[in-house]
>>> print(open('structure-v9.tsv').read())   # TSV, C-alpha atoms
chain	number	residue	atom	x	y	z
A	1	LEU	CA	0.00	0.00	0.00
A	2	ASN	CA	2.99	2.32	-0.28
A	3	ASN	CA	2.35	5.57	-2.15
A	4	ASN	CA	-1.35	4.91	-2.70
A	5	LYS	CA	-3.01	8.07	-1.34
A	6	VAL	CA	-4.35	6.15	1.66
A	7	GLN	CA	-5.92	8.59	4.14
A	8	GLY	CA	-7.04	8.50	7.75
A	9	THR	CA	-6.05	6.24	10.60
A	10	ILE	CA	-5.52	2.48	10.57
A	11	PRO	CA	-8.93	0.77	10.98
A	12	PRO	CA	-9.48	-1.54	13.97
A	13	CYS	CA	-10.28	-4.44	11.63
A	14	PHE	CA	-6.59	-4.61	10.70
A	15	GLY	CA	-6.15	-6.36	14.04
A	16	ARG	CA	-7.71	-9.46	12.51
A	17	PHE	CA	-4.65	-9.95	10.31
A	18	SER	CA	-2.77	-11.92	12.94
A	19	LYS	CA	-0.61	-13.66	10.32
A	20	LEU	CA	0.44	-10.38	8.70
A	21	GLU	CA	4.24	-10.11	8.49
A	22	ILE	CA	4.76	-7.04	6.28
A	23	LEU	CA	2.74	-3.82	6.18
A	24	GLY	CA	3.90	-1.02	3.90
A	25	LEU	CA	2.14	2.32	4.19
A	26	THR	CA	4.96	4.69	3.22
A	27	SER	CA	4.13	7.99	1.47
A	28	ASN	CA	0.43	8.18	2.24
A	29	SER	CA	-1.72	10.40	4.45
A	30	ILE	CA	-2.04	8.09	7.46
A	31	ASP	CA	-2.64	9.89	10.74
A	32	LEU	CA	-3.03	9.12	14.43
A	33	PRO	CA	-4.35	7.69	16.68
A	34	PHE	CA	-3.82	4.00	15.98
A	35	PRO	CA	-6.55	1.82	17.54
A	36	ASP	CA	-5.16	-0.60	20.16
A	37	GLU	CA	-7.35	-3.36	18.67
A	38	ALA	CA	-5.42	-3.09	15.40
A	39	ILE	CA	-1.91	-3.07	16.84
A	40	GLU	CA	-2.51	-5.82	19.39
A	41	GLY	CA	-3.44	-8.24	16.63
A	42	TRP	CA	-0.11	-7.91	14.81
A	43	THR	CA	1.65	-10.65	16.72
A	44	ASN	CA	3.60	-11.83	13.67
A	45	LEU	CA	4.38	-8.45	12.09
A	46	LYS	CA	8.07	-8.18	11.15
A	47	LEU	CA	8.24	-5.12	8.90
A	48	LEU	CA	6.21	-1.92	9.36
A	49	LEU	CA	6.72	1.02	7.00
A	50	LEU	CA	5.08	4.30	8.05
A	51	ALA	CA	7.54	6.91	6.73
A	52	GLN	CA	6.33	10.10	5.05
A	53	ASN	CA	2.81	10.22	6.39
A	54	LEU	CA	0.84	12.71	8.52
A	55	LEU	CA	1.63	11.19	11.91
A	56	GLU	CA	1.49	14.09	14.34
A	57	GLY	CA	1.68	13.99	18.12
A	58	PRO	CA	3.21	11.58	20.66
A	59	PHE	CA	4.82	8.41	19.36
A	60	PRO	CA	2.26	5.55	19.45
A	61	GLN	CA	3.74	3.40	22.23
A	62	SER	CA	1.65	0.42	21.17
A	63	LEU	CA	4.21	-0.05	18.39
A	64	THR	CA	6.84	-0.87	21.02
A	65	LYS	CA	4.91	-4.01	22.03
A	66	LEU	CA	5.10	-5.96	18.77
A	67	PRO	CA	6.93	-9.19	19.68
A	68	ALA	CA	7.99	-10.19	16.15
A	69	LEU	CA	8.95	-6.71	14.93
A	70	GLU	CA	12.29	-6.58	13.12
A	71	GLU	CA	12.10	-3.27	11.29
A	72	LEU	CA	10.16	-0.05	11.84
A	73	GLN	CA	10.48	2.93	9.52
A	74	ILE	CA	8.46	5.82	10.90
A	75	ASP	CA	10.70	8.66	9.79
A	76	SER	CA	9.68	11.91	8.09
A	77	ASN	CA	6.56	12.59	10.14
A	78	SER	CA	5.73	15.08	12.91
A	79	LEU	CA	6.00	12.84	15.95
A	80	THR	CA	6.66	14.50	19.30
A	81	GLY	CA	7.39	13.42	22.85
A	82	THR	CA	10.27	11.33	24.12
A	83	PHE	CA	12.17	8.41	22.65
A	84	PRO	CA	9.82	5.40	22.21
A	85	ALA	CA	10.11	2.74	24.91
A	86	PHE	CA	11.62	-0.10	22.89
A	87	ASN	CA	13.30	-2.77	24.99
A	88	ARG	CA	14.58	-6.33	24.62
A	89	ASP	CA	11.62	-7.86	26.48
A	90	ASP	CA	8.89	-6.43	24.26
A	91	THR	CA	10.74	-6.27	20.91
A	92	PRO	CA	13.55	-8.82	21.24
A	93	LYS	CA	14.02	-9.17	17.46
A	94	LEU	CA	14.26	-5.48	16.51
A	95	LYS	CA	17.02	-4.90	13.94
A	96	VAL	CA	16.23	-1.58	12.24
A	97	LEU	CA	14.63	1.56	13.68
A	98	PHE	CA	14.27	4.77	11.64
A	99	LEU	CA	13.04	7.77	13.64
A	100	GLU	CA	14.75	10.57	11.72
A	101	LEU	CA	13.07	13.80	10.68
A	102	ASN	CA	10.55	14.06	13.48
A	103	GLY	CA	10.20	16.33	16.51
A	104	LEU	CA	11.19	13.90	19.26
A	105	THR	CA	12.85	15.30	22.39
A	106	GLY	CA	14.53	14.25	25.62
A	107	SER	CA	17.39	11.87	26.27
A	108	ILE	CA	18.14	8.61	24.50
A	109	PRO	CA	17.36	5.67	26.83
A	110	SER	CA	19.86	2.87	27.29
A	111	ASP	CA	17.16	0.20	26.82
A	112	ILE	CA	17.29	0.46	23.02
A	113	PHE	CA	20.96	-0.57	23.06
A	114	ASP	CA	20.24	-3.62	25.23
A	115	ILE	CA	18.40	-5.19	22.27
A	116	GLU	CA	20.92	-7.76	21.08
A	117	THR	CA	19.68	-7.79	17.46
A	118	LEU	CA	19.85	-4.03	16.78
A	119	VAL	CA	21.76	-3.34	13.55
A	120	GLN	CA	20.63	0.15	12.45
A	121	LEU	CA	19.39	3.15	14.41
A	122	ASN	CA	18.73	6.45	12.67
A	123	ILE	CA	17.53	9.33	14.87
A	124	THR	CA	18.95	12.25	12.91
A	125	THR	CA	17.18	15.61	12.81
A	126	ASN	CA	15.20	15.52	16.03
A	127	PHE	CA	15.69	17.41	19.30
A	128	PHE	CA	17.30	14.74	21.48
A	129	ASN	CA	19.59	16.03	24.20
A	130	GLY	CA	21.90	14.73	26.91
A	131	SER	CA	24.73	12.27	26.37
A	132	LEU	CA	24.81	9.02	24.45
A	133	PRO	CA	24.12	5.96	26.65
A	134	ALA	CA	27.25	4.21	27.90
A	135	ASN	CA	26.07	0.82	26.67
A	136	ILE	CA	26.17	1.64	22.95
A	137	GLY	CA	28.31	-1.05	21.36
A	138	GLN	CA	28.42	-3.22	24.46
A	139	ASP	CA	29.74	-6.75	24.01
A	140	PHE	CA	26.95	-9.32	24.02
A	141	GLY	CA	29.41	-12.20	24.23
A	142	ASN	CA	29.79	-12.49	20.47
A	143	SER	CA	30.60	-8.85	19.66
A	144	ASN	CA	27.78	-6.40	18.90
A	145	PRO	CA	25.73	-6.37	15.67
A	146	LEU	CA	25.29	-2.56	15.53
A	147	GLU	CA	26.40	-1.36	12.09
A	148	VAL	CA	24.76	2.05	11.65
A	149	LEU	CA	24.28	4.79	14.22
A	150	ASP	CA	23.11	8.11	12.79
A	151	ALA	CA	22.45	10.65	15.52
A	152	GLY	CA	23.27	13.78	13.56
A	153	ARG	CA	21.45	17.11	13.90
A	154	ASN	CA	20.29	16.86	17.49
A	155	ASP	CA	21.37	18.63	20.70
A	156	LEU	CA	23.48	15.81	22.13
A	157	THR	CA	26.41	16.53	24.43
A	158	GLY	CA	29.25	14.79	26.23
A	159	GLU	CA	31.93	12.47	24.87
A	160	ILE	CA	31.79	9.36	22.70
A	161	PRO	CA	31.11	6.41	25.06
A	162	GLU	CA	33.98	3.96	25.47
A	163	ASN	CA	31.93	1.00	24.25
A	164	VAL	CA	31.51	2.64	20.84
A	165	TYR	CA	35.23	2.18	20.20
A	166	ASN	CA	34.78	-1.58	20.53
A	167	ALA	CA	31.75	-1.87	18.21
A	168	SER	CA	33.74	-3.81	15.62
A	169	ASN	CA	30.81	-4.19	13.20
A	170	MET	CA	30.17	-0.44	12.93
A	171	VAL	CA	29.99	0.71	9.31
A	172	ASN	CA	28.45	4.21	9.56
A	173	LEU	CA	28.92	6.43	12.61
A	174	VAL	CA	27.34	9.84	12.12
A	175	LEU	CA	27.34	12.33	15.01
A	176	SER	CA	27.38	15.54	12.97
A	177	SER	CA	25.85	18.84	14.14
A	178	ASN	CA	25.56	18.23	17.86
A	179	ASN	CA	27.47	19.58	20.86
A	180	PHE	CA	29.83	16.68	21.56
A	181	THR	CA	33.17	17.43	23.20
A	182	GLY	CA	36.35	15.66	24.25
A	183	GLN	CA	39.13	13.98	22.34
A	184	ILE	CA	38.86	11.07	19.93
A	185	ARG	CA	40.68	7.94	21.01
A	186	SER	CA	43.81	7.33	18.95
A	187	ASP	CA	42.82	3.73	18.15
A	188	ILE	CA	39.38	4.49	16.72
A	189	PHE	CA	40.38	3.60	13.15
A	190	THR	CA	42.20	0.40	14.11
A	191	ASN	CA	39.37	-0.89	16.32
A	192	LEU	CA	36.53	0.12	13.98
A	193	PHE	CA	38.20	-1.18	10.84
A	194	GLN	CA	34.87	-1.78	9.06
A	195	LEU	CA	33.94	1.91	9.22
A	196	ARG	CA	33.04	3.40	5.86
A	197	ILE	CA	31.60	6.71	7.07
A	198	LEU	CA	32.77	8.63	10.14
A	199	ALA	CA	31.10	12.03	10.40
A	200	LEU	CA	31.96	14.05	13.50
A	201	ASP	CA	31.69	17.48	11.91
A	202	ASP	CA	30.08	20.53	13.55
A	203	ASN	CA	30.74	19.67	17.19
A	204	GLY	CA	33.25	20.66	19.88
A	205	PHE	CA	35.74	17.80	19.61
A	206	SER	CA	39.33	18.77	20.37
A	207	GLY	CA	42.87	17.44	20.50
A	208	PRO	CA	44.85	15.68	17.78
A	209	VAL	CA	43.33	13.74	14.90
A	210	PRO	CA	44.00	9.99	15.27
A	211	GLU	CA	47.03	9.05	13.16
A	212	THR	CA	46.71	5.42	12.13
A	213	LEU	CA	44.29	3.61	9.83
A	214	SER	CA	43.98	-0.16	9.96
A	215	PRO	CA	45.46	-1.91	6.90
A	216	LEU	CA	41.98	-3.42	6.54
A	217	SER	CA	40.30	-0.01	6.57
A	218	GLN	CA	37.24	0.46	4.35
A	219	LEU	CA	36.82	4.15	5.21
A	220	THR	CA	35.43	6.22	2.33
A	221	THR	CA	34.23	9.39	4.13
A	222	LEU	CA	35.89	11.19	7.04
A	223	ALA	CA	34.25	14.49	8.07
A	224	LEU	CA	35.98	16.30	10.95
A	225	GLN	CA	35.44	19.98	10.08
A	226	GLU	CA	33.95	22.61	12.39
A	227	ASN	CA	35.60	21.27	15.54
A	228	ASP	CA	38.66	22.22	17.59
A	229	PHE	CA	41.08	19.57	16.35
A	230	VAL	CA	44.76	20.54	16.11
A	231	GLY	CA	47.94	19.14	14.61
A	232	VAL	CA	48.37	17.44	11.25
A	233	ILE	CA	46.71	14.74	9.16
A	234	SER	CA	49.21	11.88	9.23
A	235	ASP	CA	50.86	10.20	6.24
A	236	SER	CA	49.03	7.03	7.25
A	237	ILE	CA	45.68	8.67	6.56
A	238	CYS	CA	46.86	10.62	3.51
A	239	ASN	CA	48.23	7.44	1.95
A	240	ALA	CA	44.73	5.96	2.24
A	241	THR	CA	43.13	8.68	0.14
A	242	VAL	CA	42.33	8.27	-3.51
A	243	LYS	CA	45.26	10.61	-4.15
A	244	GLY	CA	47.58	8.31	-2.25
A	245	ASN	CA	46.20	4.81	-2.65
A	246	ALA	CA	43.25	3.94	-4.87
A	247	ARG	CA	42.95	0.53	-3.23
A	248	ILE	CA	41.58	1.91	0.02
A	249	GLN	CA	39.73	4.85	-1.56
A	250	LEU	CA	39.16	7.34	1.21
A	251	ARG	CA	37.21	9.52	-1.18
A	252	SER	CA	36.18	12.40	1.08
A	253	LEU	CA	38.39	13.87	3.81
A	254	THR	CA	37.34	17.20	5.29
A	255	ILE	CA	39.03	19.10	8.13
A	256	ASP	CA	39.51	22.70	9.28
A	257	CYS	CA	42.65	23.31	7.26
A	258	GLU	CA	43.51	26.52	9.12
A	259	GLU	CA	43.79	24.55	12.36
A	260	VAL	CA	45.00	21.17	11.10
A	261	ALA	CA	47.69	20.80	8.46
A	262	CYS	CA	46.43	18.55	5.67
A	263	GLU	CA	48.11	17.94	2.32
A	264	CYS	CA	45.54	15.46	1.07
A	265	CYS	CA	42.15	16.82	2.18
A	266	THR	CA	39.47	16.87	-0.47
A	267	ASN	CA	37.67	19.76	1.27
A	268	CYS	CA	38.54	22.38	3.86
A	269	GLY	CA	35.94	23.35	6.44
A	270	THR	CA	35.70	26.40	8.64
A	271	ALA	CA	36.33	26.11	12.35
A	272	THR	CA	33.30	27.41	14.19
A	273	ARG	CA	31.86	26.66	17.58
A	274	PRO	CA	28.76	24.45	17.46
A	275	LYS	CA	25.39	26.05	17.99
A	276	PRO	CA	22.18	24.38	19.19
A	277	ARG	CA	19.68	23.67	16.46
A	278	GLY	CA	17.20	26.45	15.87
A	279	THR	CA	19.57	29.29	16.76
>>> encode(input="structure-v9.tsv", output="structure tokens")
Amino acid sequence: LNNNKVQGTIPPCFGRFSKLEILGLTSNSIDLPFPDEAIEGWTNLKLLLLAQNLLEGPFPQSLTKLPALEELQIDSNSLTGTFPAFNRDDTPKLKVLFLELNGLTGSIPSDIFDIETLVQLNITTNFFNGSLPANIGQDFGNSNPLEVLDAGRNDLTGEIPENVYNASNMVNLVLSSNNFTGQIRSDIFTNLFQLRILALDDNGFSGPVPETLSPLSQLTTLALQENDFVGVISDSICNATVKGNARIQLRSLTIDCEEVACECCTNCGTATRPKPRGT
């Protein structure tokens, strides 16, 4: 039912579809509230697509009680209130959660990162504040499956939690346009050798830029501009650029060139102090 000009709320009779596994309602005019009778019947629902609708108001918490849910895309709406109460008891199979481009506020709860199946979380362009939970990237005994964390364009503060540096499956880490501070650990590139995108731009990070890339590095984009980094970009990183070594193909490297010497950067940013969104 994606992109079919469907209007109104979900009818209660949808609760009869207890064997339903996939429901796609992207790019319609669906609105709230959702009847509890409909949601409670979706005991086998794995994939729910609700992006780009007219969902306005508090996040429907009934969606956090779907026991078989693996993926929820509810981005690009006008949802408000705090982060939805997903946890490993109610949604133990959740792999993908897209909440970006809404109006959600408050802190990010640690419960979402206790879900041992979580692979992708995108919360960019909301109004979340506070620090990132310490358990992001925690070891579940067989590493951590988290591959994508996009928390850009919020009002988050503090430093990168230590567990993030051990999230060996991380592919995209995007923390752009927040108010993060502190230094970046020197071993970030060697530990997170599967990283393809690291975007830390438009924050308050400081200190030297890490010097060493893993020989196994797959990094294609490194955005560090609009921070307070100092020093130089090392030969190790420059040799990984397309200019230096086409095998690794670090295609985009951006830094504040007035503050950090860089002979191989593809773009030069402008060092400015971060500002809260909306100012």
>>> closest_residue(input="structure-v9.tsv", among="A:Asp31, A:Asp201, A:Asp114, A:Glu37", to="Ser78 in chain A", atoms="only C-alpha atoms")
A:Asp31
>>> residues_near_point(input="structure-v9.tsv", point="(11.7, 10.2, 5.8)", cutoff="6 Å", atoms="all atoms listed in the file", output="PDB file with C-alpha atoms, in the frame of the given file")
ATOM      1  CA  ALA A  51       7.540   6.910   6.730  1.00  0.00           C
ATOM      2  CA  GLN A  52       6.330  10.100   5.050  1.00  0.00           C
ATOM      3  CA  ASP A  75      10.700   8.660   9.790  1.00  0.00           C
ATOM      4  CA  SER A  76       9.680  11.910   8.090  1.00  0.00           C
TER       5      SER A  76
END
>>> residues_around(input="structure-v9.tsv", residues="Leu54 in chain A", least_positions_apart="4", cutoff="12 Å", atoms="only C-alpha atoms", output="mmCIF file with C-alpha atoms, keeping the file's coordinate frame")
data_model
loop_
_atom_site.group_PDB
_atom_site.id
_atom_site.type_symbol
_atom_site.label_atom_id
_atom_site.label_comp_id
_atom_site.auth_asym_id
_atom_site.auth_seq_id
_atom_site.Cartn_x
_atom_site.Cartn_y
_atom_site.Cartn_z
ATOM 1 C CA LYS A 5 -3.010 8.070 -1.340
ATOM 2 C CA VAL A 6 -4.350 6.150 1.660
ATOM 3 C CA GLN A 7 -5.920 8.590 4.140
ATOM 4 C CA GLY A 8 -7.040 8.500 7.750
ATOM 5 C CA THR A 9 -6.050 6.240 10.600
ATOM 6 C CA LEU A 25 2.140 2.320 4.190
ATOM 7 C CA THR A 26 4.960 4.690 3.220
ATOM 8 C CA SER A 27 4.130 7.990 1.470
ATOM 9 C CA ASN A 28 0.430 8.180 2.240
ATOM 10 C CA SER A 29 -1.720 10.400 4.450
ATOM 11 C CA ILE A 30 -2.040 8.090 7.460
ATOM 12 C CA ASP A 31 -2.640 9.890 10.740
ATOM 13 C CA LEU A 32 -3.030 9.120 14.430
ATOM 14 C CA PRO A 33 -4.350 7.690 16.680
ATOM 15 C CA LEU A 50 5.080 4.300 8.050
ATOM 16 C CA ILE A 74 8.460 5.820 10.900
ATOM 17 C CA ASP A 75 10.700 8.660 9.790
ATOM 18 C CA SER A 76 9.680 11.910 8.090
ATOM 19 C CA ASN A 77 6.560 12.590 10.140
ATOM 20 C CA SER A 78 5.730 15.080 12.910
ATOM 21 C CA LEU A 79 6.000 12.840 15.950
ATOM 22 C CA ASN A 102 10.550 14.060 13.480
#
>>> closest_residue(input="structure-v9.tsv", among="A:Cys13, A:Ile22, A:Ala85, A:Val232", to="Lys65 in chain A", atoms="only C-alpha atoms")
A:Ala85
>>> closest_residue(input="structure-v9.tsv", among="A:Ala134, A:Leu118, A:Leu55, A:Val260", to="Glu71 in chain A", atoms="all atoms listed in the file")
A:Leu118
>>> atom_distance(input="structure-v9.tsv", atom1="CA of Arg185 in chain A", atom2="CA of Ile160 in chain A")
9.2 Å
>>> closest_residue(input="structure-v9.tsv", among="A:Asn3, A:Ser110, A:Ser186, A:Gln73", to="Asn87 in chain A", atoms="all atoms listed in the file")
A:Ser110
>>> residues_near_point(input="structure-v9.tsv", point="(24.1, 7.4, 13.1)", cutoff="7 Å", atoms="only C-alpha atoms", output="compact mmCIF listing (two decimals) with C-alpha atoms, in the coordinates of the input")
# COMPACT_ATOMS: atom_id res chain seq x y z
CA LEU A 121 19.39 3.15 14.41
CA ASN A 122 18.73 6.45 12.67
CA VAL A 148 24.76 2.05 11.65
CA LEU A 149 24.28 4.79 14.22
CA ASP A 150 23.11 8.11 12.79
CA ALA A 151 22.45 10.65 15.52
CA GLY A 152 23.27 13.78 13.56
CA ASN A 172 28.45 4.21 9.56
CA LEU A 173 28.92 6.43 12.61
CA VAL A 174 27.34 9.84 12.12
CA LEU A 175 27.34 12.33 15.01
>>> closest_residue(input="structure-v9.tsv", among="A:Asp155, A:Glu70, A:Glu258, A:Glu116", to="Leu104 in chain A", atoms="only C-alpha atoms")
A:Asp155
>>> atom_distance(input="structure-v9.tsv", atom1="CA of Gln61 in chain A", atom2="CA of Thr80 in chain A")
11.8 Å
>>> residues_around(input="structure-v9.tsv", residues="Phe86 in chain A", least_positions_apart="4", cutoff="8 Å", atoms="all atoms listed in the file", output="number ranges by chain")
A: 64-65, 90-91, 111-112
>>> decode(input="structure-v9.tsv", residues="range 111-122 of chain A", atoms="all heavy atoms", output="short mmCIF file (atom, residue, chain, number, x, y, z; two decimals), in the first residue's frame")
data_model
loop_
_atom_site.label_atom_id
_atom_site.label_comp_id
_atom_site.auth_asym_id
_atom_site.auth_seq_id
_atom_site.Cartn_x
_atom_site.Cartn_y
_atom_site.Cartn_z
N ASP A 111 17.86 1.45 27.13
CA ASP A 111 17.16 0.20 26.82
C ASP A 111 17.26 -0.19 25.36
O ASP A 111 17.35 -1.38 25.03
CB ASP A 111 15.68 0.32 27.20
CG ASP A 111 15.45 0.28 28.70
OD1 ASP A 111 16.42 0.00 29.43
OD2 ASP A 111 14.32 0.56 29.13
N ILE A 112 17.26 0.78 24.45
CA ILE A 112 17.29 0.46 23.02
C ILE A 112 18.58 -0.26 22.66
O ILE A 112 18.61 -1.12 21.76
CB ILE A 112 17.11 1.74 22.17
CG1 ILE A 112 16.99 1.41 20.68
CG2 ILE A 112 18.23 2.73 22.40
CD1 ILE A 112 15.76 0.66 20.30
N PHE A 113 19.67 0.04 23.38
CA PHE A 113 20.96 -0.57 23.06
C PHE A 113 21.19 -1.87 23.82
O PHE A 113 22.26 -2.49 23.68
CB PHE A 113 22.09 0.43 23.33
CG PHE A 113 22.00 1.64 22.44
CD1 PHE A 113 21.59 2.86 22.95
CD2 PHE A 113 22.30 1.55 21.09
CE1 PHE A 113 21.49 3.97 22.12
CE2 PHE A 113 22.20 2.65 20.26
CZ PHE A 113 21.79 3.86 20.78
N ASP A 114 20.20 -2.29 24.60
CA ASP A 114 20.24 -3.62 25.23
C ASP A 114 19.61 -4.68 24.33
O ASP A 114 19.65 -5.87 24.65
CB ASP A 114 19.52 -3.60 26.58
CG ASP A 114 20.34 -2.94 27.67
OD1 ASP A 114 21.58 -2.94 27.56
OD2 ASP A 114 19.73 -2.41 28.63
N ILE A 115 19.00 -4.25 23.22
CA ILE A 115 18.40 -5.19 22.27
C ILE A 115 19.53 -5.81 21.46
O ILE A 115 20.22 -5.13 20.71
CB ILE A 115 17.38 -4.49 21.36
CG1 ILE A 115 16.24 -3.89 22.20
CG2 ILE A 115 16.82 -5.46 20.33
CD1 ILE A 115 15.24 -3.09 21.41
N GLU A 116 19.73 -7.09 21.61
CA GLU A 116 20.92 -7.76 21.08
C GLU A 116 20.90 -7.96 19.57
O GLU A 116 21.90 -8.40 19.00
CB GLU A 116 21.11 -9.11 21.78
CG GLU A 116 21.34 -8.96 23.28
CD GLU A 116 21.61 -10.29 23.96
OE1 GLU A 116 22.01 -11.25 23.27
OE2 GLU A 116 21.43 -10.36 25.18
N THR A 117 19.78 -7.63 18.92
CA THR A 117 19.68 -7.79 17.46
C THR A 117 19.79 -6.47 16.71
O THR A 117 19.81 -6.48 15.47
CB THR A 117 18.33 -8.44 17.10
OG1 THR A 117 17.27 -7.67 17.70
CG2 THR A 117 18.25 -9.88 17.63
N LEU A 118 19.90 -5.35 17.42
CA LEU A 118 19.85 -4.03 16.78
C LEU A 118 21.04 -3.83 15.84
O LEU A 118 22.20 -3.90 16.26
CB LEU A 118 19.83 -2.93 17.84
CG LEU A 118 19.57 -1.51 17.31
CD1 LEU A 118 18.16 -1.39 16.74
CD2 LEU A 118 19.78 -0.48 18.42
N VAL A 119 20.74 -3.53 14.57
CA VAL A 119 21.76 -3.34 13.55
C VAL A 119 21.82 -1.88 13.09
O VAL A 119 22.91 -1.35 12.87
CB VAL A 119 21.49 -4.26 12.33
CG1 VAL A 119 22.47 -3.97 11.19
CG2 VAL A 119 21.57 -5.72 12.75
N GLN A 120 20.66 -1.22 12.94
CA GLN A 120 20.63 0.15 12.45
C GLN A 120 19.71 1.00 13.32
O GLN A 120 18.57 0.60 13.58
CB GLN A 120 20.12 0.22 11.01
CG GLN A 120 21.00 -0.46 9.98
CD GLN A 120 20.49 -0.24 8.57
OE1 GLN A 120 20.13 0.88 8.19
NE2 GLN A 120 20.46 -1.29 7.79
N LEU A 121 20.22 2.17 13.71
CA LEU A 121 19.39 3.15 14.41
C LEU A 121 19.66 4.52 13.80
O LEU A 121 20.79 5.00 13.79
CB LEU A 121 19.74 3.19 15.90
CG LEU A 121 18.99 4.25 16.72
CD1 LEU A 121 17.48 3.99 16.71
CD2 LEU A 121 19.50 4.31 18.16
N ASN A 122 18.61 5.13 13.26
CA ASN A 122 18.73 6.45 12.67
C ASN A 122 17.77 7.39 13.39
O ASN A 122 16.55 7.24 13.33
CB ASN A 122 18.40 6.41 11.18
CG ASN A 122 18.77 7.72 10.48
OD1 ASN A 122 18.72 8.80 11.08
ND2 ASN A 122 19.12 7.64 9.21
#
